[in-house]
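A.B. asks: This is the structure I want to talk about, given as structure tokens.
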Amino acid sequence: MKQVICVKWGTAYGPEYVNRLYGMLRRHITGEFRLVCLTDNAEGLRPEVDAYDLPELGCEWPKKSLGKWRKLVMWSADMGEKTGLEGPVLFVDLDSVIVDNIDGYFSHGNPEDVILARNWAKPMQRLGQTSVFRFPIGKYPHIIENFRANPQAVADKHGFEQHWVTASVPGGIKFWPHLWTRHFRLHCLPAFPLRYFKPARLPAGARIVTFPGGPNPADVMLGRWNTQDPPHEKPWDHFRAAFAGGVKHRWRHLRSFVLPPPWVAQHWVE
């Protein structure tokens, strides 16, 4: 059986994100699969999702760090025992949009490999991006244990959880075939100012589109960059607002525009 795991904590993502992920998996996986959700609130999750309490980080949270360090609990030695997972498990971030069959994510490479999406924001460095990655459950507990031993030092050196994972896997990480996992801002969204006239495209060969660092697919469907922007804002209105009072980062505002792409609304549904 194919195994998938996700993590939901806090208030950023409601149960609909997990339920949509399950729906996308159901449409794009051949045969049986299991979705495990580690969460601090299982209310509203569809019954097919196996929800488990999200373990605590187990150490002091690093100061002045943007890393999603809570995701490291998946590397715990007892995670398989707690969830019934065994062997290779595919992690998928909740703000991902699955657009095609993903059977290859379960068979690519060796079952013992740790396979990540490439960090496309830093293409010249061999860094992984953990929006979509596969790992053998319980095999590398040193990743979380070494972090717990000195979390601030790890955060100061590596900055993000995914950089720490990249540096910690014995023998090095592997990458998915480059066309499979696409980055919304870097591979789909037209460059400024073309994004004012053309919606984001769905690249040929893409299987999963990720949204690290925003915008969120829920906002993209409404033609806005974040919840502070009005939905379906007209391009001229957004451009003009950059020169109104109260806008501190004018260039950032100008670039933060998106037209609603039909393919996001088509695929990101339960």
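So you can find residues: chains in the structure tokens are A, B, ... in the order shown, residues in each start at 1, and ligands are numbered from 1 in order.
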For A:Gly128, find every residue with an atom within 8 Å (counting only C-alpha atoms), except residues of its own chain fewer than 2 positions away, and show them as number ranges by chain.
C.D. replies: A: 116-119, 126, 130, 162-163, 165-166, 173, 175
A.B. asks: Need to verify the contact set: A:Phe160, 9 Å, only C-alpha atoms, exclusion of same-chain residues closer than 6 positions in sequence. Can you return it as a list in words?
C.D. replies: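 The contact residues come out as Ser65, Leu66, Gly67, Lys68, Trp69 and Val154 of chain A.
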A.B. asks: Keeping only N, CA and C atoms, write the selected residues to a file as a short mmCIF file (atom, residue, chain, number, x, y, z; two decimals), in the first residue's frame.
C.D. replies:
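Output below, filename selection.cif:
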```cif
data_model
loop_
_atom_site.label_atom_id
_atom_site.label_comp_id
_atom_site.auth_asym_id
_atom_site.auth_seq_id
_atom_site.Cartn_x
_atom_site.Cartn_y
_atom_site.Cartn_z
N SER A 65 14.15 32.42 13.94
CA SER A 65 14.26 31.41 12.89
C SER A 65 12.93 31.25 12.18
N LEU A 66 12.97 31.19 10.85
CA LEU A 66 11.76 31.01 10.05
C LEU A 66 11.53 29.55 9.67
N GLY A 67 12.44 28.68 10.06
CA GLY A 67 12.34 27.28 9.67
C GLY A 67 11.13 26.59 10.28
N LYS A 68 10.52 25.68 9.51
CA LYS A 68 9.39 24.89 10.00
C LYS A 68 9.92 23.65 10.72
N TRP A 69 10.53 23.89 11.86
CA TRP A 69 11.26 22.84 12.58
C TRP A 69 10.35 21.74 13.11
N VAL A 154 21.89 24.69 15.22
CA VAL A 154 21.45 24.16 13.93
C VAL A 154 20.72 25.23 13.13
#
```
A.B. asks: Residues near stretch 230-234 of chain A, anyone? I mean within 8 Å using only C-alpha atoms, not counting same-chain ones fewer than 4 positions away, as an NGL selection string.
C.D. replies: :A and (219 or 222-224 or 238 or 259-260)
A.B. asks: Kindly give the distance, in Å, that separates atom CA of A:Trp176 and atom CA of A:Ile98, rounded to a single decimal.
C.D. replies: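 According to the coordinates, atom CA of A:Trp176 and atom CA of A:Ile98 are separated by 14.9 Å.
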A.B. asks: Considering only C-alpha atoms, return as a PDB file with N, CA and C atoms, in the first residue's frame whatever protein or nucleic-acid residues lie within 8 Å of A:Trp225, sequence-local ones (same chain, fewer than 5 positions apart) excluded.
C.D. replies:
```pdb
ATOM      1  N   GLY A 214       4.459  31.155  -0.400  1.00  0.00           N
ATOM      2  CA  GLY A 214       3.293  31.839  -0.930  1.00  0.00           C
ATOM      3  C   GLY A 214       3.454  32.231  -2.390  1.00  0.00           C
ATOM      4  N   PRO A 215       2.343  32.655  -3.006  1.00  0.00           N
ATOM      5  CA  PRO A 215       1.008  32.745  -2.422  1.00  0.00           C
ATOM      6  C   PRO A 215       0.409  31.365  -2.185  1.00  0.00           C
ATOM      7  N   ASN A 216      -0.688  31.333  -1.467  1.00  0.00           N
ATOM      8  CA  ASN A 216      -1.374  30.108  -1.121  1.00  0.00           C
ATOM      9  C   ASN A 216      -2.367  29.745  -2.232  1.00  0.00           C
ATOM     10  N   ASP A 219      -5.727  31.437  -2.043  1.00  0.00           N
ATOM     11  CA  ASP A 219      -5.753  32.832  -2.473  1.00  0.00           C
ATOM     12  C   ASP A 219      -5.585  32.949  -3.981  1.00  0.00           C
ATOM     13  N   VAL A 220      -4.730  32.108  -4.555  1.00  0.00           N
ATOM     14  CA  VAL A 220      -4.512  32.146  -6.003  1.00  0.00           C
ATOM     15  C   VAL A 220      -5.821  31.899  -6.747  1.00  0.00           C
ATOM     16  N   SER A 256       3.480  41.400  -6.383  1.00  0.00           N
ATOM     17  CA  SER A 256       2.583  40.458  -5.702  1.00  0.00           C
ATOM     18  C   SER A 256       1.188  40.516  -6.304  1.00  0.00           C
ATOM     19  N   PHE A 257       1.107  40.093  -7.548  1.00  0.00           N
ATOM     20  CA  PHE A 257      -0.183  40.077  -8.242  1.00  0.00           C
ATOM     21  C   PHE A 257      -0.316  38.759  -8.985  1.00  0.00           C
ATOM     22  N   VAL A 258      -1.522  38.205  -8.955  1.00  0.00           N
ATOM     23  CA  VAL A 258      -1.764  36.935  -9.637  1.00  0.00           C
ATOM     24  C   VAL A 258      -3.197  36.908 -10.162  1.00  0.00           C
TER      25      VAL A 258
END
```
A.B. asks: Within 12 Å of A:Glu56, counting only C-alpha atoms, which residues show up once you throw out same-chain ones fewer than 5 positions away? Write them as number ranges by chain, please.
C.D. replies: A: 9, 38-40, 61, 69-74, 76, 144, 148
A.B. asks: Could you please determine the separation between atom CA of A:Ile5 and atom CA of A:Val92 in Å, to one decimal place?
C.D. replies: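 Computed distance, atom CA of A:Ile5 to atom CA of A:Val92, equals 6.6 Å.
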A.B. asks: May I ask which of the residues A:Asn19, A:Ser96, A:Thr30, A:Asn101 is the closest one to A:Phe211, counting only C-alpha atoms?
C.D. replies: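 Closest residue, counting only C-alpha atoms: A:Ser96.
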